[in-house]
Amino acid sequence: MLDPMQLALPVTLPDDETFTSYFGGEKSLEVTHLKKALSDIQSDFQFTYLCGLADSGKSHLLYATCIHAQELGLSTILLSLREVIKFGPDVLEGLDALDVVCIDDVHLVAGNDAMEKALFNFFNRFNEAGKCLVMTADLLPNMLNIELPDLESRLAWGTTFQIRSMSDDDKAEALVKRAHMRGLELSDECARFLLTRLSRDMRALLDVLDKLDHASMAAQRKLTIPFIKATLKL
């Protein structure tokens with residue numbers, strides 16, 4: 001059996017993917033709800049279901065939830081099913097002892113009989129006061145083609161948020177904001193240049209920002225379009 005603690009991400013959680021840096025804003029309904037859920041877990045079971053397509057910020061919210069939970073002294077784990085589903089149902093064993101469990105890309109269990117049953121059984125074990133469960137998927141529970149009716153029913157229990165995908169304006173703003181949090185000045189013009197010349201995938205853009213951050217520090221140069229072109233060989 002896999003040790004779930006080996007799959008936890010406490011040391012690899014991006015330290016800038018917090019509620020503060022979430023593109024929807026720290027006062028958005030979803031962030032306000034998740035903060036309250038973490039503060040209320042001792043009184044009741046808390047389940048939140050986040051759905052949205054690519055670049056909607058779902059995974060960011062999971063990272064932020066785990067970081068906030070750790071700040072509150074709660075034990076937590078983040079499971080990316082895209083990465084661990086290959087290990088089979090065992091990845092969901094032993095999670096019951098934790099306070100907060102975040103599971104990304106739940107839609108990937110649809111049609112996988114063993115994983116659907118394992119997720120249903122985990123849900124039933126974890127459903128008690130003092131626990132907080134947050135799941136993400138690309139669609140609403142009744143649109144996932146889940147074959148186990150009881151699992152589909154469980155997924156519909158929680159507070160559900162449909163999160164829109166980020167527009168190019170959102171991404172440019174998020175890049176500028178994330179750079180500022182690093183102490184790096186990225187102009188709106190430079191952010192929009194990156195969007196026109198590179199992949200619009202937010203994760204890929206943040207990886208590029210990390211590269212530019214290191215290059216800027218090494219060269220003691222500000223981020224300008226010529227510097228970005230030279231660094232990224234555009």
# chains A, B, ... in the order shown; residues from 1 in each chain; ligands from 1

$ select_by_dssp --residues "range 37-157 of chain A" --states "helix (DSSP H, G or I)" --output "ChimeraX atom specification"
/A:37-39,58-71,81-92,95-97,106-109,113-126,141-143,149-155

$ closest_atom_pairs --of "range 89-109 of chain A" --to "range 16-38 of chain A" --cutoff "12 Å" --atoms "only C-alpha atoms" --output "JSON lines"
{"residue": "A:Asp99", "atom": "CA", "partner": "A:Leu38", "partner_atom": "CA", "distance": 9.3}
{"residue": "A:Val100", "atom": "CA", "partner": "A:Leu38", "partner_atom": "CA", "distance": 8.2}
{"residue": "A:Val101", "atom": "CA", "partner": "A:Leu38", "partner_atom": "CA", "distance": 11.1}
{"residue": "A:Cys102", "atom": "CA", "partner": "A:Leu34", "partner_atom": "CA", "distance": 11.5}

$ residues_around --residues "Asn112 in chain A" --least-positions-apart "4" --cutoff "9 Å" --atoms "only C-alpha atoms" --output "JSON, numbers by chain"
{"A": [108, 116, 117, 146, 147]}

$ residues_around --residues "range 86-96 of chain A" --least-positions-apart "3" --cutoff "10 Å" --atoms "only C-alpha atoms" --output "count of residues only"
33

$ closest_atom_pairs --of "range 30-97 of chain A" --to "range 173-187 of chain A" --cutoff "12 Å" --atoms "only C-alpha atoms" --output "tab-separated table"
residue	atom	partner	partner_atom	distance
A:Asp55	CA	A:Ala174	CA	11.5
A:Gly57	CA	A:Ala174	CA	10.7
A:His60	CA	A:Ala174	CA	11.8

$ write_last_selection --atoms "N, CA, C and O atoms" --output "mmCIF file, in the first residue's frame"
data_model
loop_
_atom_site.group_PDB
_atom_site.id
_atom_site.type_symbol
_atom_site.label_atom_id
_atom_site.label_comp_id
_atom_site.auth_asym_id
_atom_site.auth_seq_id
_atom_site.Cartn_x
_atom_site.Cartn_y
_atom_site.Cartn_z
ATOM 1 N N ASP A 55 -7.330 26.629 -17.086
ATOM 2 C CA ASP A 55 -7.000 28.018 -16.744
ATOM 3 C C ASP A 55 -8.117 28.731 -15.995
ATOM 4 O O ASP A 55 -8.292 29.943 -16.130
ATOM 5 N N GLY A 57 -8.200 28.394 -12.651
ATOM 6 C CA GLY A 57 -7.627 28.643 -11.329
ATOM 7 C C GLY A 57 -8.004 27.614 -10.283
ATOM 8 O O GLY A 57 -7.774 27.819 -9.090
ATOM 9 N N HIS A 60 -4.922 26.262 -8.476
ATOM 10 C CA HIS A 60 -4.404 27.342 -7.628
ATOM 11 C C HIS A 60 -5.155 27.368 -6.307
ATOM 12 O O HIS A 60 -4.547 27.479 -5.232
#

$ select_by_dssp --residues "range 56-114 of chain A" --states "strand (DSSP E)" --output "ChimeraX atom specification"
/A:76-80,100-104

$ write_last_selection --atoms "N, CA, C and O atoms" --output "mmCIF file, in the first residue's frame"
data_model
loop_
_atom_site.group_PDB
_atom_site.id
_atom_site.type_symbol
_atom_site.label_atom_id
_atom_site.label_comp_id
_atom_site.auth_asym_id
_atom_site.auth_seq_id
_atom_site.Cartn_x
_atom_site.Cartn_y
_atom_site.Cartn_z
ATOM 1 N N THR A 76 -2.709 18.209 6.087
ATOM 2 C CA THR A 76 -3.333 18.312 4.772
ATOM 3 C C THR A 76 -2.547 17.565 3.708
ATOM 4 O O THR A 76 -1.362 17.262 3.887
ATOM 5 N N ILE A 77 -3.216 17.280 2.611
ATOM 6 C CA ILE A 77 -2.580 16.641 1.465
ATOM 7 C C ILE A 77 -3.278 17.121 0.203
ATOM 8 O O ILE A 77 -4.475 17.434 0.222
ATOM 9 N N LEU A 78 -2.513 17.232 -0.868
ATOM 10 C CA LEU A 78 -3.083 17.539 -2.178
ATOM 11 C C LEU A 78 -2.739 16.403 -3.116
ATOM 12 O O LEU A 78 -1.564 16.070 -3.303
ATOM 13 N N LEU A 79 -3.766 15.786 -3.686
ATOM 14 C CA LEU A 79 -3.569 14.694 -4.643
ATOM 15 C C LEU A 79 -3.971 15.166 -6.032
ATOM 16 O O LEU A 79 -5.105 15.583 -6.237
ATOM 17 N N SER A 80 -3.044 15.102 -6.960
ATOM 18 C CA SER A 80 -3.367 15.348 -8.357
ATOM 19 C C SER A 80 -3.654 13.994 -8.993
ATOM 20 O O SER A 80 -2.746 13.190 -9.195
ATOM 21 N N VAL A 100 -7.506 17.894 6.274
ATOM 22 C CA VAL A 100 -7.910 18.518 5.006
ATOM 23 C C VAL A 100 -7.352 17.709 3.848
ATOM 24 O O VAL A 100 -6.145 17.442 3.778
ATOM 25 N N VAL A 101 -8.229 17.315 2.934
ATOM 26 C CA VAL A 101 -7.818 16.579 1.741
ATOM 27 C C VAL A 101 -8.300 17.334 0.505
ATOM 28 O O VAL A 101 -9.477 17.671 0.393
ATOM 29 N N CYS A 102 -7.379 17.614 -0.389
ATOM 30 C CA CYS A 102 -7.702 18.282 -1.654
ATOM 31 C C CYS A 102 -7.387 17.326 -2.802
ATOM 32 O O CYS A 102 -6.281 16.776 -2.870
ATOM 33 N N ILE A 103 -8.345 17.117 -3.681
ATOM 34 C CA ILE A 103 -8.179 16.177 -4.798
ATOM 35 C C ILE A 103 -8.450 16.901 -6.105
ATOM 36 O O ILE A 103 -9.546 17.411 -6.332
ATOM 37 N N ASP A 104 -7.457 16.934 -6.971
ATOM 38 C CA ASP A 104 -7.547 17.635 -8.252
ATOM 39 C C ASP A 104 -7.955 16.667 -9.366
ATOM 40 O O ASP A 104 -7.537 15.509 -9.380
#
